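**Q** As input, take work.cif (mmCIF, C-alpha atoms):
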```
data_structure
loop_
_atom_site.label_atom_id
_atom_site.label_comp_id
_atom_site.auth_asym_id
_atom_site.auth_seq_id
_atom_site.Cartn_x
_atom_site.Cartn_y
_atom_site.Cartn_z
CA MET A 299 43.94 161.56 80.13
CA MET A 300 47.07 162.60 81.93
CA ASP A 301 46.75 163.57 85.61
CA LEU A 302 47.74 167.26 85.76
CA THR A 303 47.30 167.64 89.52
CA GLU A 304 50.09 169.17 91.57
CA LYS A 305 50.43 168.15 95.22
CA THR A 306 51.02 170.60 98.06
CA ILE A 307 53.78 169.28 100.31
CA GLN A 308 53.95 172.22 102.73
CA LYS A 309 52.39 175.66 102.92
CA ASN A 310 55.02 178.23 103.94
CA TYR A 311 53.54 181.57 105.02
CA ILE A 312 55.68 184.64 104.40
CA TYR A 313 53.14 187.34 105.28
CA ARG A 314 49.67 187.42 106.83
CA GLY A 315 47.84 190.65 106.19
CA LYS A 316 44.46 192.31 106.51
CA ILE A 317 43.42 191.49 102.94
CA ILE A 318 45.95 188.94 101.65
CA ASN A 319 48.33 186.27 102.83
CA LEU A 320 51.51 185.39 100.92
CA ARG A 321 52.96 181.89 100.73
CA CYS A 322 55.85 180.14 99.02
CA ASP A 323 54.81 176.50 99.07
CA ASP A 324 56.78 173.33 98.54
CA ALA A 325 54.87 171.31 95.96
CA GLN A 326 55.21 168.35 93.66
CA LEU A 327 54.65 168.32 89.89
CA PRO A 328 52.53 165.60 88.23
CA ASP A 329 55.73 163.77 87.24
CA GLY A 330 56.92 163.72 90.88
CA ARG A 331 59.57 166.45 90.71
CA PRO A 332 59.60 169.07 93.49
CA CYS A 333 58.74 172.69 92.77
CA LYS A 334 57.93 175.98 94.52
CA ARG A 335 54.56 177.70 94.15
CA GLU A 336 54.12 181.35 95.14
CA MET A 337 50.57 182.00 96.29
CA VAL A 338 48.45 184.98 97.24
CA GLU A 339 45.53 183.94 99.44
CA HIS A 340 42.56 186.27 99.08
CA PRO A 341 39.05 185.92 100.58
CA GLY A 342 37.41 186.72 97.25
CA GLY A 343 35.39 189.59 95.96
CA SER A 344 31.88 190.30 94.85
CA SER A 345 30.76 192.76 92.23
CA ILE A 346 27.45 193.89 90.83
CA LEU A 347 26.32 195.14 87.46
CA CYS A 348 23.40 197.55 87.56
CA VAL A 349 21.65 198.32 84.27
CA ARG A 350 18.77 200.78 84.33
CA ASP A 351 17.04 202.53 81.44
CA GLY A 352 19.66 201.30 78.96
CA LYS A 353 22.57 202.56 81.07
CA ILE A 354 25.23 200.78 83.15
CA LEU A 355 26.34 202.16 86.49
CA LEU A 356 30.12 202.57 86.44
CA GLU A 357 32.54 203.99 88.96
CA ARG A 358 35.69 205.97 88.39
CA GLN A 359 38.18 205.12 91.10
CA TYR A 360 41.91 205.67 91.57
CA ARG A 361 43.77 202.37 91.89
CA TYR A 362 47.14 202.66 93.56
CA ALA A 363 48.57 199.48 91.98
CA TYR A 364 48.12 200.98 88.49
CA SER A 365 48.67 204.64 89.46
CA LYS A 366 45.56 205.72 87.59
CA VAL A 367 41.82 206.18 87.70
CA ILE A 368 39.95 203.26 86.14
CA TRP A 369 36.37 202.35 85.26
CA GLU A 370 34.75 199.62 87.38
CA ILE A 371 31.43 198.24 88.49
CA PRO A 372 30.74 198.37 92.25
CA ALA A 373 32.71 195.66 94.05
CA GLY A 374 34.46 194.75 97.23
CA LYS A 375 36.02 192.08 99.40
CA ILE A 376 33.84 189.31 100.79
CA ASP A 377 33.89 189.27 104.59
CA PRO A 378 34.60 185.95 106.37
CA GLY A 379 31.51 183.73 106.14
CA GLU A 380 29.60 186.26 104.02
CA ASP A 381 27.46 185.07 101.13
CA PRO A 382 28.88 186.51 97.87
CA ALA A 383 25.42 187.70 96.74
CA LEU A 384 24.95 189.61 100.00
CA ALA A 385 28.44 191.11 99.62
CA ALA A 386 27.47 192.39 96.15
CA ILE A 387 24.25 193.89 97.52
CA ARG A 388 26.23 195.52 100.36
CA GLU A 389 28.79 197.01 97.96
CA LEU A 390 26.11 198.46 95.67
CA LYS A 391 24.48 200.17 98.66
CA GLU A 392 27.76 201.43 100.15
CA GLU A 393 29.31 202.67 96.91
CA ALA A 394 26.29 203.78 94.88
CA GLY A 395 23.52 204.27 97.42
CA LEU A 396 21.33 201.75 95.56
CA ILE A 397 19.43 198.98 97.28
CA ALA A 398 19.24 195.78 95.22
CA ARG A 399 15.99 193.98 95.96
CA GLU A 400 16.85 191.10 93.64
CA VAL A 401 20.15 189.87 92.16
CA ARG A 402 21.13 187.18 89.70
CA HIS A 403 24.49 185.46 89.45
CA LEU A 404 26.13 186.29 86.11
CA TYR A 405 29.60 184.79 86.37
CA THR A 406 32.39 183.58 88.65
CA LEU A 407 35.82 184.71 87.49
CA TYR A 408 39.30 183.37 88.29
CA PRO A 409 41.15 186.71 87.97
CA THR A 410 44.74 185.40 88.04
CA PRO A 411 44.88 181.59 88.42
CA GLY A 412 48.68 181.48 88.18
CA TYR A 413 49.26 182.79 91.71
CA THR A 414 46.04 183.48 93.63
CA ASN A 415 43.04 181.53 94.89
CA GLU A 416 40.81 184.62 94.63
CA LEU A 417 37.36 184.20 93.12
CA LEU A 418 35.39 187.18 91.84
CA TYR A 419 31.63 186.76 91.83
CA ILE A 420 29.67 188.90 89.41
CA TYR A 421 25.99 189.59 90.00
CA GLU A 422 23.35 191.58 88.20
CA ALA A 423 20.99 193.82 90.17
CA THR A 424 17.56 193.26 88.67
CA GLN A 425 15.47 195.47 90.96
CA THR A 426 16.89 198.52 92.69
CA GLU A 427 15.70 201.50 94.64
CA VAL A 428 17.50 204.58 95.85
CA GLY A 429 19.08 204.43 99.29
CA GLU A 430 21.98 206.24 100.93
CA GLN A 431 25.60 206.04 99.81
CA VAL A 432 27.97 205.14 102.68
CA LEU A 433 31.54 204.91 101.41
CA ASP A 434 34.22 203.14 103.43
CA ASP A 435 36.71 205.38 105.24
CA GLY A 436 39.33 206.47 102.69
CA GLU A 437 37.22 205.42 99.70
CA PHE A 438 36.78 208.02 96.96
CA LEU A 439 34.92 207.41 93.71
CA SER A 440 32.58 209.02 91.24
CA LEU A 441 29.51 207.38 89.71
CA VAL A 442 28.58 207.60 86.04
CA TRP A 443 25.61 206.07 84.20
CA VAL A 444 26.95 205.06 80.78
CA PRO A 445 24.74 203.88 77.88
CA VAL A 446 25.17 200.12 77.35
CA GLU A 447 26.46 200.49 73.78
CA GLU A 448 28.96 203.14 74.86
CA ALA A 449 30.19 200.88 77.68
CA ALA A 450 30.63 198.05 75.17
CA GLU A 451 32.66 200.38 72.95
CA MET A 452 34.77 201.36 75.98
CA VAL A 453 35.53 197.65 76.47
CA ARG A 454 36.38 197.24 72.77
CA THR A 455 38.82 200.15 72.81
CA GLY A 456 40.40 199.19 76.15
CA GLU A 457 39.14 202.26 77.99
CA ILE A 458 37.48 199.79 80.38
CA SER A 459 40.15 197.22 81.21
CA ASP A 460 39.17 196.02 84.69
CA ALA A 461 38.61 192.26 84.29
CA LYS A 462 35.42 191.94 86.35
CA THR A 463 33.85 194.92 84.59
CA VAL A 464 34.77 193.64 81.12
CA VAL A 465 33.36 190.19 81.93
CA ALA A 466 30.21 191.67 83.49
CA ILE A 467 29.44 193.88 80.49
CA LEU A 468 30.19 191.20 77.89
CA THR A 469 28.28 188.49 79.79
CA TRP A 470 25.26 190.78 80.19
CA MET A 471 25.33 191.70 76.51
CA LEU A 472 25.61 188.05 75.42
CA LYS A 473 22.72 187.18 77.69
CA TYR A 474 20.35 189.99 76.70
CA ARG A 475 21.49 191.48 73.37
CA ARG A 476 21.38 188.55 70.95
#
```
Show this structure as structure tokens.

**A**
Amino acid sequence: MMDLTEKTIQKNYIYRGKIINLRCDDAQLPDGRPCKREMVEHPGGSSILCVRDGKILLERQYRYAYSKVIWEIPAGKIDPGEDPALAAIRELKEEAGLIAREVRHLYTLYPTPGYTNELLYIYEATQTEVGEQVLDDGEFLSLVWVPVEEAAEMVRTGEISDAKTVVAILTWMLKYRR
């Protein structure tokens, strides 16, 4: 098999931010030719699917990059050194006021492998109890419990188009609805 590996020659940082860093690296193609690679460094995110009584917990949240309100499962950035499962549990408590007593890993997603090293971890909350919602400063969202079949139809029609949410719903359905 052909070696497809590209070699990083030098990482060139353009911007270092609170959430992302931007680079334009000097690299080398598998055939030895030089190239540039634009990269977005991201610490990764964790998300959590909560299904209770045949319904999926979804959020409606305005996303500035798309200039619209979209459907999502609870999620957030992983803090430095934080375990992705604990980040998912934290996000479910902060955004939905639910305490996950047990979680299972469903999937790890490469959201955009062409230009970012971000990994999105998707967990399933298997046991939850009601706690207190504590949204981050400047975070606004609404919570909706949607029947599983309706959520699947929302994926099919494109009403739910957030990648992590689509993958979470489809993975859960493939796992439990055979």

**Q** Applying 7 Å and only C-alpha atoms, which residues near stretch 391-394 of chain A remain after dropping the ones on its own chain fewer than 6 positions away? List them as a count of residues only.

**A** 6

**Q** I'd like to see the residues matched by the PyMOL selection byres ((chain A and resi 425) around 10) on this file, and ideally I'd get them as a PDB file with C-alpha atoms, in the frame of the given file.

**A**
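Full text of out-v5.pdb as output:
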```
ATOM      1  CA  CYS A 348      23.400 197.550  87.560  1.00  0.00           C
ATOM      2  CA  VAL A 349      21.650 198.320  84.270  1.00  0.00           C
ATOM      3  CA  ARG A 350      18.770 200.780  84.330  1.00  0.00           C
ATOM      4  CA  LEU A 396      21.330 201.750  95.560  1.00  0.00           C
ATOM      5  CA  ILE A 397      19.430 198.980  97.280  1.00  0.00           C
ATOM      6  CA  ALA A 398      19.240 195.780  95.220  1.00  0.00           C
ATOM      7  CA  ARG A 399      15.990 193.980  95.960  1.00  0.00           C
ATOM      8  CA  GLU A 400      16.850 191.100  93.640  1.00  0.00           C
ATOM      9  CA  VAL A 401      20.150 189.870  92.160  1.00  0.00           C
ATOM     10  CA  GLU A 422      23.350 191.580  88.200  1.00  0.00           C
ATOM     11  CA  ALA A 423      20.990 193.820  90.170  1.00  0.00           C
ATOM     12  CA  THR A 424      17.560 193.260  88.670  1.00  0.00           C
ATOM     13  CA  THR A 426      16.890 198.520  92.690  1.00  0.00           C
ATOM     14  CA  GLU A 427      15.700 201.500  94.640  1.00  0.00           C
TER      15      GLU A 427
END
```

**Q** Please work out which residues fall within 12 Å of (24.6, 202.9, 82.0), coordinates as given in the file, with only C-alpha atoms counting, and return them as a list in words.

**A** Leu347, Cys348, Val349, Arg350, Asp351, Gly352, Lys353, Ile354, Leu355, Leu356, Glu357, Glu370, Ile371, Leu441, Val442, Trp443, Val444, Pro445, Val446, Glu447, Glu448, Ala449, Ala450, Met452 and Ile467 of chain A

**Q** How close does stretch 339-458 of chain A get to stretch 318-330 of chain A? List, as JSON lines, each residue of stretch 339-458 of chain A within 9 Å, its nearest atom pair and the distance in Å to one decimal, counting all atoms listed in the file.

**A**
```
{"residue": "A:Glu339", "atom": "CA", "partner": "A:Asn319", "partner_atom": "CA", "distance": 5.0}
{"residue": "A:His340", "atom": "CA", "partner": "A:Ile318", "partner_atom": "CA", "distance": 5.0}
{"residue": "A:Pro341", "atom": "CA", "partner": "A:Ile318", "partner_atom": "CA", "distance": 7.6}
```

**Q** If we draw a sphere of 10 Å around (22.4, 186.4, 92.2), which residues have at least one atom in it when counting all atoms listed in the file? Please report them as a PyMOL selection string.

**A** chain A and resi 346+382-384+386-387+400-405+419-424

**Q** Provide the atom CA of A:Ser344 to atom CA of A:Arg388 distance in Å, to one decimal place.

**A**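 If I compute the distance from atom CA of A:Ser344 to atom CA of A:Arg388, I get 9.5 Å.
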
**Q** Evaluating the PyMOL selection byres ((chain A and resi 376) around 7) on the displayed file yields which residues, as a list in words?

**A**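 That selection, the PyMOL selection byres ((chain A and resi 376) around 7), comes back as Pro341, Gly342, Gly343, Ser344, Gly374, Lys375, Asp377, Pro378, Glu380, Pro382 and Ala385 of chain A.
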
**Q** Write the residues of the selection above to a file with C-alpha atoms, as a compact mmCIF listing (two decimals), in the coordinates of the input.

**A**
```txt
# COMPACT_ATOMS: atom_id res chain seq x y z
CA PRO A 341 39.05 185.92 100.58
CA GLY A 342 37.41 186.72 97.25
CA GLY A 343 35.39 189.59 95.96
CA SER A 344 31.88 190.30 94.85
CA GLY A 374 34.46 194.75 97.23
CA LYS A 375 36.02 192.08 99.40
CA ASP A 377 33.89 189.27 104.59
CA PRO A 378 34.60 185.95 106.37
CA GLU A 380 29.60 186.26 104.02
CA PRO A 382 28.88 186.51 97.87
CA ALA A 385 28.44 191.11 99.62
```

**Q** Quote the spacing between atom CA of A:Leu418 and atom CA of A:Ala373 in Å to one decimal place.

**A**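 Distance between the two atoms: 9.2 Å.
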
**Q** To one decimal place, how far is atom CA of A:Val453 from atom CA of A:Trp369 in Å?

**A**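 Result for atom CA of A:Val453 versus atom CA of A:Trp369: 10.0 Å, one decimal.
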
**Q** Go through A:Arg335, A:Val367, A:Glu416, A:Val428 and flag the residue nearest A:Leu390, using all atoms listed in the file for the distances.

**A**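 Using all atoms listed in the file, A:Leu390 sits closest to A:Val428.
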
**Q** Would you translate the PyMOL selection byres ((chain A and resi 410) around 12) into the concrete set of residues it matches in this file, as a list in words?

**A** Met337, Val338, Glu339, His340, Gly342, Leu407, Tyr408, Pro409, Pro411, Gly412, Tyr413, Thr414, Asn415, Glu416, Leu417, Leu418, Ala461 and Lys462 of chain A
